[in-house]
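Student: File protein_39.pdb below, PDB, C-alpha atoms and all ligand atoms:
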```pdb
ATOM      1  CA  MET A   1      85.892  90.614 136.990
ATOM      2  CA  ARG A   2      86.764  87.911 134.570
ATOM      3  CA  LEU A   3      89.480  88.384 132.006
ATOM      4  CA  MET A   4      88.805  87.050 128.561
ATOM      5  CA  ARG A   5      91.439  85.333 126.512
ATOM      6  CA  ASP A   6      92.307  88.161 124.213
ATOM      7  CA  GLU A   7      94.002  86.296 121.391
ATOM      8  CA  HIS A   8      90.686  85.593 119.677
ATOM      9  CA  ILE A   9      89.276  89.083 119.825
ATOM     10  CA  THR A  10      88.868  90.446 116.345
ATOM     11  CA  THR A  11      89.773  94.042 115.772
ATOM     12  CA  ILE A  12      88.594  96.195 112.911
ATOM     13  CA  GLY A  13      91.331  98.092 111.187
ATOM     14  CA  ARG A  14      92.245  99.578 107.875
ATOM     15  CA  CYS A  15      94.654  98.106 105.390
ATOM     16  CA  TYR A  16      97.516 100.457 104.790
ATOM     17  CA  ALA A  17      97.953  99.286 101.208
ATOM     18  CA  CYS A  18      94.387  99.220  99.822
ATOM     19  CA  LYS A  19      92.593 101.292 102.505
ATOM     20  CA  ARG A  20      90.045  98.514 102.913
ATOM     21  CA  THR A  21      88.506  98.015 106.334
ATOM     22  CA  PHE A  22      88.977  94.476 107.521
ATOM     23  CA  GLY A  23      88.703  92.433 110.673
ATOM     24  CA  PHE A  24      91.793  90.828 112.087
ATOM     25  CA  ILE A  25      93.194  89.182 115.160
ATOM     26  CA  PRO A  26      95.991  91.438 116.461
ATOM     27  CA  ALA A  27      98.190  88.473 117.342
ATOM     28  CA  THR A  28      98.164  87.161 113.794
ATOM     29  CA  VAL A  29      97.794  90.195 111.561
ATOM     30  CA  THR A  30     100.611  91.212 109.259
ATOM     31  CA  THR A  31     101.967  94.661 109.886
ATOM     32  CA  ILE A  32     104.491  96.741 108.049
ATOM     33  CA  THR A  33     106.563  99.483 109.529
ATOM     34  CA  ILE A  34     106.006 102.749 107.720
ATOM     35  CA  ASP A  35     107.935 105.966 107.982
ATOM     36  CA  PRO A  36     105.151 108.585 107.794
ATOM     37  CA  ASP A  37     107.612 111.029 106.313
ATOM     38  CA  THR A  38     107.975 109.010 103.135
ATOM     39  CA  GLY A  39     105.034 106.616 103.319
ATOM     40  CA  LEU A  40     107.553 103.831 102.823
ATOM     41  CA  PRO A  41     109.214 101.382 105.166
ATOM     42  CA  PRO A  42     112.175 103.026 106.918
ATOM     43  CA  GLY A  43     115.315 102.395 104.952
ATOM     44  CA  MET A  44     113.484 102.103 101.649
ATOM     45  CA  THR A  45     113.987 105.011  99.317
ATOM     46  CA  VAL A  46     111.402 106.357  96.885
ATOM     47  CA  LEU A  47     113.434 104.637  94.189
ATOM     48  CA  GLY A  48     112.643 101.309  95.809
ATOM     49  CA  THR A  49     116.185 100.678  96.881
ATOM     50  CA  GLN A  50     117.225  99.782 100.391
ATOM     51  CA  ARG A  51     119.560 101.668 102.619
ATOM     52  CA  GLU A  52     120.343 101.746 106.295
ATOM     53  CA  PRO A  53     117.402 103.498 108.016
ATOM     54  CA  THR A  54     118.253 106.491 110.126
ATOM     55  CA  ALA A  55     117.464 106.487 113.853
ATOM     56  CA  GLU A  56     115.033 109.338 113.250
ATOM     57  CA  ALA A  57     113.174 107.357 110.611
ATOM     58  CA  LEU A  58     112.900 104.371 112.901
ATOM     59  CA  ALA A  59     111.746 106.528 115.806
ATOM     60  CA  ARG A  60     108.888 108.124 113.892
ATOM     61  CA  SER A  61     107.848 104.957 112.087
ATOM     62  CA  VAL A  62     104.548 103.359 112.933
ATOM     63  CA  GLU A  63     103.152  99.872 112.500
ATOM     64  CA  GLU A  64     100.435  99.680 109.879
ATOM     65  CA  THR A  65      98.155  96.722 109.369
ATOM     66  CA  VAL A  66      97.909  95.016 105.996
ATOM     67  CA  CYS A  67      94.995  92.820 104.905
ATOM     68  CA  PRO A  68      95.638  89.218 103.804
ATOM     69  CA  ASP A  69      94.801  90.057 100.184
ATOM     70  CA  CYS A  70      97.560  92.618 100.031
ATOM     71  CA  VAL A  71      99.949  90.299 101.854
ATOM     72  CA  ASN A  72      99.361  87.652  99.190
ATOM     73  CA  ARG A  73      99.693  90.188  96.410
ATOM     74  CA  ALA A  74     102.910  91.541  97.875
ATOM     75  CA  ARG A  75     104.249  88.030  98.255
ATOM     76  CA  ARG A  76     103.523  87.225  94.619
ATOM     77  CA  PHE A  77     105.005  90.534  93.549
ATOM     78  CA  ALA A  78     108.119  89.880  95.591
ATOM     79  CA  GLU A  79     108.457  86.472  93.970
ATOM     80  CA  SER A  80     108.019  87.819  90.463
ATOM     81  CA  ALA A  81     110.335  90.734  91.209
ATOM     82  CA  GLN A  82     113.136  88.428  92.203
ATOM     83  CA  PRO A  83     115.970  88.400  89.705
ATOM     84  CA  SER A  84     114.656  85.079  88.470
ATOM     85  CA  ALA A  85     114.700  85.954  84.768
ATOM     86  CA  LEU A  86     117.853  83.929  84.319
ATOM     87  CA  GLN A  87     116.368  80.981  86.156
ATOM     88  CA  PHE A  88     113.242  81.185  84.044
ATOM     89  CA  GLU A  89     115.267  81.288  80.888
ATOM     90  CA  THR A  90     117.185  78.199  81.921
ATOM     91  CA  TRP A  91     113.976  76.506  82.906
ATOM     92  CA  SER A  92     112.119  77.266  79.669
ATOM     93  CA  ARG A  93     115.088  76.150  77.638
ATOM     94  CA  GLY A  94     114.943  72.870  79.491
ATOM     95  CA  THR A  95     111.303  72.302  78.505
ATOM     96  CA  PRO A  96     111.167  72.600  74.698
ATOM     97  CA  ASP A  97     107.487  71.669  74.538
ATOM     98  CA  GLY A  98     106.404  75.225  75.276
ATOM     99  CA  ASP A  99     107.043  76.463  71.767
TER     100      ASP A  99
HETATM  101 ZN    ZN B   1      94.737  95.511 101.565
END
```
What is this structure when it is put down as structure tokens?
Ligand SMILES: [Zn+2]

Tutor:
Amino acid sequence: MRLMRDEHITTIGRCYACKRTFGFIPATVTTITIDPDTGLPPGMTVLGTQREPTAEALARSVEETVCPDCVNRARRFAESAQPSALQFETWSRGTPDGD
């Protein structure tokens, strides 16, 4: 019996965020840890704030796969959600041609 190199085997899974079925390579796919009790990552409250996750939350949490589209979207959202309003203000004030 010959073992195949398993890092190139594509698996079909479902994106936790958009519920889309997509193919991925397990070694490279992005996963998020979700507490099934809240549907949110352990330690994140429904208000979107972070707190120290409880041991129970961590114990019941499962890894969910996320498709590349959602990863990119989340990354852009995270960037735009940064408290960068001040930076942007400074930046736009420094380029007066945008008026
Ligand atoms: Zn998705």

Student: For ligand ZN 1 (chain B), collect every residue having any atom at a distance of at most 9 Å from a ligand atom (counting only C-alpha atoms and all ligand atoms); output as a ChimeraX atom specification.

Tutor: /A:14-22,65-71,73

Student: What does the distance from CA of Pro41 (chain A) to CA of Val62 (chain A) come to in Å, to one decimal?

Tutor: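 Interatomic distance here is 9.3 Å.
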
Student: Give me, please, the distance in Å between CA of Ala78 (chain A) and CA of Pro53 (chain A), quoted to one decimal.

Tutor: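 Separation between CA of Ala78 (chain A) and CA of Pro53 (chain A): 20.6 Å.
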
Student: Using all atoms listed in the file, find all polymer residues with an atom at most 9 Å away from the point (88.1, 92.6, 115.7); report them as a list in words.

Tutor: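 Protein, DNA and RNA residues close to (88.1, 92.6, 115.7): His8, Ile9, Thr10, Thr11, Ile12, Gly13, Phe22, Gly23, Phe24, Ile25 and Pro26 of chain A.
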
Student: Please write the residues from the selection above to a file, keeping C-alpha atoms, as a CSV table (one decimal), in the coordinates of the input.

Tutor:
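Now in selection25.csv:
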```
chain,number,residue,atom,x,y,z
A,8,HIS,CA,90.7,85.6,119.7
A,9,ILE,CA,89.3,89.1,119.8
A,10,THR,CA,88.9,90.4,116.3
A,11,THR,CA,89.8,94.0,115.8
A,12,ILE,CA,88.6,96.2,112.9
A,13,GLY,CA,91.3,98.1,111.2
A,22,PHE,CA,89.0,94.5,107.5
A,23,GLY,CA,88.7,92.4,110.7
A,24,PHE,CA,91.8,90.8,112.1
A,25,ILE,CA,93.2,89.2,115.2
A,26,PRO,CA,96.0,91.4,116.5
```

Student: Would you list the residues near (108.0, 97.2, 108.0), meaning any protein, DNA or RNA residue with an atom at most 12 Å from that point in file coordinates, counting all atoms listed in the file, as a list in words?

Tutor: Tyr16, Thr30, Thr31, Ile32, Thr33, Ile34, Asp35, Pro36, Gly39, Leu40, Pro41, Pro42, Gly43, Met44, Pro53, Ala57, Leu58, Ser61, Val62, Glu63, Glu64, Thr65 and Val66 of chain A

Student: Mind dumping the selected residues with C-alpha atoms as a PDB file, in the frame of the given file?

Tutor:
```pdb
ATOM      1  CA  TYR A  16      97.516 100.457 104.790  1.00  0.00           C
ATOM      2  CA  THR A  30     100.611  91.212 109.259  1.00  0.00           C
ATOM      3  CA  THR A  31     101.967  94.661 109.886  1.00  0.00           C
ATOM      4  CA  ILE A  32     104.491  96.741 108.049  1.00  0.00           C
ATOM      5  CA  THR A  33     106.563  99.483 109.529  1.00  0.00           C
ATOM      6  CA  ILE A  34     106.006 102.749 107.720  1.00  0.00           C
ATOM      7  CA  ASP A  35     107.935 105.966 107.982  1.00  0.00           C
ATOM      8  CA  PRO A  36     105.151 108.585 107.794  1.00  0.00           C
ATOM      9  CA  GLY A  39     105.034 106.616 103.319  1.00  0.00           C
ATOM     10  CA  LEU A  40     107.553 103.831 102.823  1.00  0.00           C
ATOM     11  CA  PRO A  41     109.214 101.382 105.166  1.00  0.00           C
ATOM     12  CA  PRO A  42     112.175 103.026 106.918  1.00  0.00           C
ATOM     13  CA  GLY A  43     115.315 102.395 104.952  1.00  0.00           C
ATOM     14  CA  MET A  44     113.484 102.103 101.649  1.00  0.00           C
ATOM     15  CA  PRO A  53     117.402 103.498 108.016  1.00  0.00           C
ATOM     16  CA  ALA A  57     113.174 107.357 110.611  1.00  0.00           C
ATOM     17  CA  LEU A  58     112.900 104.371 112.901  1.00  0.00           C
ATOM     18  CA  SER A  61     107.848 104.957 112.087  1.00  0.00           C
ATOM     19  CA  VAL A  62     104.548 103.359 112.933  1.00  0.00           C
ATOM     20  CA  GLU A  63     103.152  99.872 112.500  1.00  0.00           C
ATOM     21  CA  GLU A  64     100.435  99.680 109.879  1.00  0.00           C
ATOM     22  CA  THR A  65      98.155  96.722 109.369  1.00  0.00           C
ATOM     23  CA  VAL A  66      97.909  95.016 105.996  1.00  0.00           C
TER      24      VAL A  66
END
```

Student: Can you measure CA of Ala81 (chain A) to CA of Gly48 (chain A) for me? One decimal in Å is fine.

Tutor: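 Here the two named atoms are 11.8 Å from each other.
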